[in-house]
Structure formats: structure tokens, C-alpha cells
>>> print(open('input.cif').read())   # mmCIF, C-alpha atoms
data_my_file
loop_
_atom_site.group_PDB
_atom_site.id
_atom_site.type_symbol
_atom_site.label_atom_id
_atom_site.label_comp_id
_atom_site.auth_asym_id
_atom_site.auth_seq_id
_atom_site.Cartn_x
_atom_site.Cartn_y
_atom_site.Cartn_z
ATOM 1 C CA MET A 1 -6.992 5.303 -4.153
ATOM 2 C CA ASN A 2 -9.012 5.535 -7.386
ATOM 3 C CA LEU A 3 -11.579 3.273 -5.707
ATOM 4 C CA GLY A 4 -12.214 5.702 -2.874
ATOM 5 C CA ILE A 5 -10.637 3.419 -0.271
ATOM 6 C CA ILE A 6 -7.273 3.040 1.399
ATOM 7 C CA PRO A 7 -5.175 -0.105 0.936
ATOM 8 C CA GLY A 8 -6.324 -2.871 3.262
ATOM 9 C CA TYR A 9 -5.123 -6.236 4.538
ATOM 10 C CA GLY A 10 -2.097 -4.581 6.115
ATOM 11 C CA GLY A 11 -0.883 -2.746 3.019
ATOM 12 C CA THR A 12 -0.496 0.592 4.796
ATOM 13 C CA GLN A 13 1.492 -0.973 7.611
ATOM 14 C CA ARG A 14 3.515 -3.691 5.867
ATOM 15 C CA LEU A 15 4.705 -1.848 2.753
ATOM 16 C CA PRO A 16 6.572 0.887 4.708
ATOM 17 C CA ARG A 17 8.240 -1.832 6.790
ATOM 18 C CA LEU A 18 9.379 -3.547 3.573
ATOM 19 C CA ILE A 19 10.560 -0.644 1.405
ATOM 20 C CA GLY A 20 10.882 2.290 3.794
ATOM 21 C CA VAL A 21 8.527 5.075 4.783
ATOM 22 C CA GLU A 22 9.539 7.557 2.066
ATOM 23 C CA ARG A 23 8.978 5.174 -0.859
ATOM 24 C CA ALA A 24 5.808 3.699 0.621
ATOM 25 C CA TRP A 25 4.427 7.168 1.419
ATOM 26 C CA GLU A 26 4.494 8.030 -2.287
ATOM 27 C CA LEU A 27 3.270 4.661 -3.570
ATOM 28 C CA LEU A 28 0.381 4.351 -1.149
ATOM 29 C CA ARG A 29 -0.846 7.878 -1.767
ATOM 30 C CA THR A 30 -0.576 7.828 -5.566
ATOM 31 C CA GLY A 31 -1.280 4.187 -6.388
ATOM 32 C CA ARG A 32 1.656 4.301 -8.806
ATOM 33 C CA THR A 33 2.563 0.991 -10.407
ATOM 34 C CA VAL A 34 5.951 -0.489 -9.538
ATOM 35 C CA ARG A 35 7.601 -2.570 -12.228
ATOM 36 C CA ALA A 36 9.596 -5.690 -11.376
ATOM 37 C CA LYS A 37 12.969 -4.105 -12.179
ATOM 38 C CA GLU A 38 12.264 -1.210 -9.816
ATOM 39 C CA ALA A 39 11.105 -3.596 -7.063
ATOM 40 C CA CYS A 40 14.293 -5.641 -7.498
ATOM 41 C CA ALA A 41 16.449 -2.485 -7.405
ATOM 42 C CA TRP A 42 14.821 -1.510 -4.091
ATOM 43 C CA GLY A 43 15.357 -4.930 -2.561
ATOM 44 C CA TRP A 44 11.581 -5.449 -2.338
ATOM 45 C CA ALA A 45 12.025 -8.374 -4.696
ATOM 46 C CA ASP A 46 15.186 -10.112 -5.745
ATOM 47 C CA GLY A 47 16.657 -11.653 -8.827
ATOM 48 C CA GLU A 48 15.432 -10.772 -12.259
ATOM 49 C CA PRO A 49 11.820 -10.282 -13.296
ATOM 50 C CA ALA A 50 10.318 -13.704 -14.015
ATOM 51 C CA THR A 51 8.771 -14.674 -17.313
ATOM 52 C CA ASP A 52 6.335 -16.896 -15.405
ATOM 53 C CA PRO A 53 5.679 -15.191 -12.047
ATOM 54 C CA VAL A 54 3.414 -17.981 -10.743
ATOM 55 C CA ALA A 55 6.077 -20.629 -11.368
ATOM 56 C CA ALA A 56 8.710 -18.384 -9.784
ATOM 57 C CA ALA A 57 6.511 -17.857 -6.694
ATOM 58 C CA LYS A 58 5.935 -21.593 -6.344
ATOM 59 C CA ALA A 59 9.671 -22.259 -6.654
ATOM 60 C CA LEU A 60 10.381 -19.655 -3.964
ATOM 61 C CA VAL A 61 7.864 -21.250 -1.596
ATOM 62 C CA ARG A 62 9.342 -24.715 -2.223
ATOM 63 C CA ALA A 63 12.866 -23.427 -1.615
ATOM 64 C CA HIS A 64 11.761 -21.769 1.619
ATOM 65 C CA GLU A 65 9.897 -24.871 2.827
ATOM 66 C CA SER A 66 12.911 -27.085 2.105
ATOM 67 C CA GLY A 67 15.241 -24.746 4.001
ATOM 68 C CA ALA A 68 17.232 -23.904 0.873
ATOM 69 C CA ARG A 69 16.041 -20.293 1.024
ATOM 70 C CA LYS A 70 15.557 -18.189 4.126
ATOM 71 C CA LEU A 71 12.954 -15.427 3.872
ATOM 72 C CA ALA A 72 13.484 -12.459 6.163
ATOM 73 C CA PRO A 73 10.654 -11.814 8.610
ATOM 74 C CA LEU A 74 8.869 -8.477 8.558
ATOM 75 C CA SER A 75 9.764 -6.225 11.457
ATOM 76 C CA GLU A 76 6.815 -5.686 13.772
ATOM 77 C CA SER A 77 8.493 -2.750 15.505
ATOM 78 C CA PRO A 78 7.241 0.827 15.285
ATOM 79 C CA LEU A 79 8.846 2.994 12.601
ATOM 80 C CA ALA A 80 10.229 6.475 13.024
ATOM 81 C CA LEU A 81 8.493 8.854 10.649
ATOM 82 C CA PRO A 82 10.533 11.592 8.986
ATOM 83 C CA ALA A 83 9.993 14.999 10.577
ATOM 84 C CA VAL A 84 9.195 16.385 7.135
ATOM 85 C CA ARG A 85 6.871 14.155 5.145
ATOM 86 C CA PRO A 86 7.616 13.731 1.422
ATOM 87 C CA LYS A 87 5.502 15.979 -0.809
ATOM 88 C CA VAL A 88 3.183 13.932 -2.995
ATOM 89 C CA ASP A 89 1.002 14.965 -5.915
ATOM 90 C CA ILE A 90 -2.077 12.769 -5.537
ATOM 91 C CA GLY A 91 -3.489 14.006 -8.835
ATOM 92 C CA HIS A 92 -7.206 13.362 -9.276
ATOM 93 C CA ARG A 93 -7.479 11.155 -6.183
ATOM 94 C CA SER A 94 -9.801 11.920 -3.285
ATOM 95 C CA LEU A 95 -8.570 14.448 -0.742
ATOM 96 C CA ALA A 96 -10.945 12.938 1.843
ATOM 97 C CA ILE A 97 -9.563 9.420 1.365
ATOM 98 C CA ASP A 98 -5.992 10.740 1.263
ATOM 99 C CA ALA A 99 -6.538 12.444 4.632
ATOM 100 C CA ILE A 100 -7.691 9.120 6.110
ATOM 101 C CA LEU A 101 -4.680 7.359 4.597
ATOM 102 C CA VAL A 102 -2.206 9.923 5.959
ATOM 103 C CA ASP A 103 -3.804 9.631 9.416
ATOM 104 C CA VAL A 104 -3.546 5.818 9.289
ATOM 105 C CA LEU A 105 0.102 6.015 8.197
ATOM 106 C CA GLU A 106 1.093 8.559 10.816
ATOM 107 C CA ARG A 107 -0.670 6.903 13.749
ATOM 108 C CA GLY A 108 -0.133 3.284 12.706
ATOM 109 C CA LEU A 109 3.538 3.304 11.765
ATOM 110 C CA GLU A 110 4.592 4.792 15.098
ATOM 111 C CA ARG A 111 3.133 1.742 16.854
ATOM 112 C CA PRO A 112 3.861 -1.992 16.719
ATOM 113 C CA LEU A 113 2.521 -3.749 13.617
ATOM 114 C CA SER A 114 -0.455 -5.322 15.425
ATOM 115 C CA GLU A 115 -1.673 -1.910 16.623
ATOM 116 C CA GLY A 116 -1.025 -0.377 13.207
ATOM 117 C CA LEU A 117 -3.160 -3.084 11.597
ATOM 118 C CA ALA A 118 -6.041 -2.252 13.948
ATOM 119 C CA ILE A 119 -5.702 1.451 13.096
ATOM 120 C CA GLU A 120 -5.719 0.562 9.393
ATOM 121 C CA ALA A 121 -8.894 -1.517 9.754
ATOM 122 C CA LYS A 122 -10.663 1.394 11.459
ATOM 123 C CA GLY A 123 -9.382 3.761 8.757
ATOM 124 C CA PHE A 124 -10.697 1.448 6.058
ATOM 125 C CA ALA A 125 -14.097 1.520 7.779
ATOM 126 C CA ARG A 126 -13.940 5.336 7.897
ATOM 127 C CA CYS A 127 -13.744 5.343 4.091
ATOM 128 C CA ARG A 128 -17.235 3.831 3.990
ATOM 129 C CA ALA A 129 -18.651 7.004 5.520
ATOM 130 C CA THR A 130 -17.359 9.121 2.622
ATOM 131 C CA VAL A 131 -19.164 10.103 -0.549
ATOM 132 C CA ASP A 132 -15.922 9.466 -2.434
ATOM 133 C CA MET A 133 -15.968 5.742 -1.682
ATOM 134 C CA ASP A 134 -19.344 5.445 -3.373
ATOM 135 C CA ILE A 135 -18.109 7.478 -6.332
ATOM 136 C CA GLY A 136 -14.899 5.459 -6.649
ATOM 137 C CA MET A 137 -16.605 2.081 -6.469
ATOM 138 C CA LYS A 138 -19.361 3.036 -8.931
ATOM 139 C CA ASN A 139 -16.786 4.471 -11.322
ATOM 140 C CA PHE A 140 -14.740 1.271 -11.186
ATOM 141 C CA VAL A 141 -17.752 -0.967 -11.870
ATOM 142 C CA GLN A 142 -19.102 1.236 -14.668
ATOM 143 C CA ASN A 143 -15.878 2.373 -16.337
ATOM 144 C CA GLY A 144 -13.104 0.007 -15.270
ATOM 145 C CA PRO A 145 -9.807 0.682 -13.504
ATOM 146 C CA ARG A 146 -8.268 3.111 -16.000
ATOM 147 C CA VAL A 147 -10.925 5.860 -15.909
ATOM 148 C CA PRO A 148 -10.277 8.398 -13.139
ATOM 149 C CA ALA A 149 -13.156 8.952 -10.738
ATOM 150 C CA ALA A 150 -14.628 12.452 -10.378
ATOM 151 C CA PHE A 151 -14.311 12.718 -6.610
ATOM 152 C CA LEU A 152 -16.128 15.357 -4.573
ATOM 153 C CA HIS A 153 -13.513 15.168 -1.778
ATOM 154 C CA GLU A 154 -16.209 14.400 0.820
#
>>> encode(input="input.cif", output="C-alpha cells")
Amino acid sequence: MNLGIIPGYGGTQRLPRLIGVERAWELLRTGRTVRAKEACAWGWADGEPATDPVAAAKALVRAHESGARKLAPLSESPLALPAVRPKVDIGHRSLAIDAILVDVLERGLERPLSEGLAIEAKGFARCRATVDMDIGMKNFVQNGPRVPAAFLHE
């Protein structure tokens, strides 16, 4: 969200189906980092945090391919949204981009995954029409990922 865009490549639709709407609602809107221990506690990851994550990922893929490890498929079914959405402090992030994200979450999650992905793609394109996307991208290139962008909320 500091870039002035919403998560793409299915992030808005897959993450809630993996960790639940309430947790994903907060993470997607704030961009908060999740540490390995927290991800394991949620069941988003399993085991202990790996010293060498690339080696651990390769071992997981090999175990899955050999049939020694079964990976659960992601549900493609619509999700029920809570009647009362969790309150989230988005801090310095763009109100315009957050409004697009909330719209994508609300409309996309109540539909099958394939339809939600199409809604997300259109929402991502809507970000391009905002001033805040330009601000976020320029800020990232000029100042790096740790400097908050001064969004105009347009």
C-alpha cells in the first residue's frame, strides 16, 4: 500500500482464503510484516522458521512431488464476510487506494476465486488512474521502501 497500488497476482483473494478474512483484512490494508513464528502459529506455514528458507522450500516441493507430503488445495468457494468489518488504522497509506482495496475485498471474496481474481485485476488497473499511485511509485524509486509516501488521497 505504500506503493500506491493494491496487492496483485491474487493476493487480495488468496490470502483471506488461507488465513481468514479478519487477519487478511488487517494485513492487506496495513502492509504489516508477518514473521515466520506468527505465520506458523496461524497455520499459514508449518514447522519452525527455517534457517535457509530456499532449501526448506525446495525440500517441501520435493516431498510434495514424491507424495510424501500432501499440500491442501486453496478453496475456490466464495467467503462470507463479517457483518462488521474489523477496524484498521491504515496510518499514512492512501485513502484512495484503500477504498479500491476494500471494494475489491468486499466484491471479490463473496464470489468464487476466479471471479474475485478478475475483480482484483480491474481494481489494480483502477489504481493507475489515481494520483497516489504515481506518488507511491516515485517515492519508492527515489527513497526506497522504508520512507512513507506523502499521499494526496486522490
>>> residues_around(input="input.cif", residues="stretch 98-100 of chain A", least_positions_apart="6", cutoff="8 Å", atoms="all atoms listed in the file", output="ChimeraX atom specification")
/A:1,6,29,123,126-127
>>> write_last_selection(input="input.cif", atoms="C-alpha atoms", output="PDB file, keeping the file's coordinate frame")
ATOM      1  CA  MET A   1      -6.992   5.303  -4.153  1.00  0.00           C
ATOM      2  CA  ILE A   6      -7.273   3.040   1.399  1.00  0.00           C
ATOM      3  CA  ARG A  29      -0.846   7.878  -1.767  1.00  0.00           C
ATOM      4  CA  GLY A 123      -9.382   3.761   8.757  1.00  0.00           C
ATOM      5  CA  ARG A 126     -13.940   5.336   7.897  1.00  0.00           C
ATOM      6  CA  CYS A 127     -13.744   5.343   4.091  1.00  0.00           C
TER       7      CYS A 127
END
>>> atom_distance(input="input.cif", atom1="atom CA of A:Ala24", atom2="atom CA of A:Thr12")
8.2 Å
>>> resolve_selection(input="input.cif", expression="the PyMOL selection byres ((chain A and resi 114) around 10)", output="list in words")
Gly10, Gln13, Glu76, Ser77, Pro78, Gly108, Arg111, Pro112, Leu113, Glu115, Gly116, Leu117, Ala118, Ile119 and Glu120 of chain A
>>> closest_residue(input="input.cif", among="A:Ala39, A:Val102, A:Leu3, A:Leu79", to="A:Glu26", atoms="only C-alpha atoms")
A:Val102
>>> resolve_selection(input="input.cif", expression="the PyMOL selection byres ((chain A and resi 82-89) around 12)", output="PDB file with C-alpha atoms, in the frame of the given file")
ATOM      1  CA  GLY A  20      10.882   2.290   3.794  1.00  0.00           C
ATOM      2  CA  VAL A  21       8.527   5.075   4.783  1.00  0.00           C
ATOM      3  CA  GLU A  22       9.539   7.557   2.066  1.00  0.00           C
ATOM      4  CA  ARG A  23       8.978   5.174  -0.859  1.00  0.00           C
ATOM      5  CA  ALA A  24       5.808   3.699   0.621  1.00  0.00           C
ATOM      6  CA  TRP A  25       4.427   7.168   1.419  1.00  0.00           C
ATOM      7  CA  GLU A  26       4.494   8.030  -2.287  1.00  0.00           C
ATOM      8  CA  LEU A  27       3.270   4.661  -3.570  1.00  0.00           C
ATOM      9  CA  LEU A  28       0.381   4.351  -1.149  1.00  0.00           C
ATOM     10  CA  ARG A  29      -0.846   7.878  -1.767  1.00  0.00           C
ATOM     11  CA  THR A  30      -0.576   7.828  -5.566  1.00  0.00           C
ATOM     12  CA  GLY A  31      -1.280   4.187  -6.388  1.00  0.00           C
ATOM     13  CA  ARG A  32       1.656   4.301  -8.806  1.00  0.00           C
ATOM     14  CA  LEU A  79       8.846   2.994  12.601  1.00  0.00           C
ATOM     15  CA  ALA A  80      10.229   6.475  13.024  1.00  0.00           C
ATOM     16  CA  LEU A  81       8.493   8.854  10.649  1.00  0.00           C
ATOM     17  CA  ILE A  90      -2.077  12.769  -5.537  1.00  0.00           C
ATOM     18  CA  GLY A  91      -3.489  14.006  -8.835  1.00  0.00           C
ATOM     19  CA  HIS A  92      -7.206  13.362  -9.276  1.00  0.00           C
ATOM     20  CA  ARG A  93      -7.479  11.155  -6.183  1.00  0.00           C
ATOM     21  CA  SER A  94      -9.801  11.920  -3.285  1.00  0.00           C
ATOM     22  CA  LEU A  95      -8.570  14.448  -0.742  1.00  0.00           C
ATOM     23  CA  ASP A  98      -5.992  10.740   1.263  1.00  0.00           C
ATOM     24  CA  VAL A 102      -2.206   9.923   5.959  1.00  0.00           C
ATOM     25  CA  LEU A 105       0.102   6.015   8.197  1.00  0.00           C
ATOM     26  CA  GLU A 106       1.093   8.559  10.816  1.00  0.00           C
ATOM     27  CA  LEU A 109       3.538   3.304  11.765  1.00  0.00           C
ATOM     28  CA  GLU A 110       4.592   4.792  15.098  1.00  0.00           C
TER      29      GLU A 110
END
>>> resolve_selection(input="input.cif", expression="the PyMOL selection byres ((chain A and resi 136) around 6)", output="number ranges by chain")
A: 2-4, 132-135, 137-139, 149
>>> closest_residue(input="input.cif", among="A:Arg69, A:Phe124, A:Ala36, A:Arg14", to="A:Pro53", atoms="all atoms listed in the file")
A:Ala36
>>> atom_distance(input="input.cif", atom1="atom CA of A:Glu65", atom2="atom CA of A:Ala45")
18.3 Å
>>> atom_distance(input="input.cif", atom1="atom CA of A:Glu154", atom2="atom CA of A:Gln142")
20.5 Å
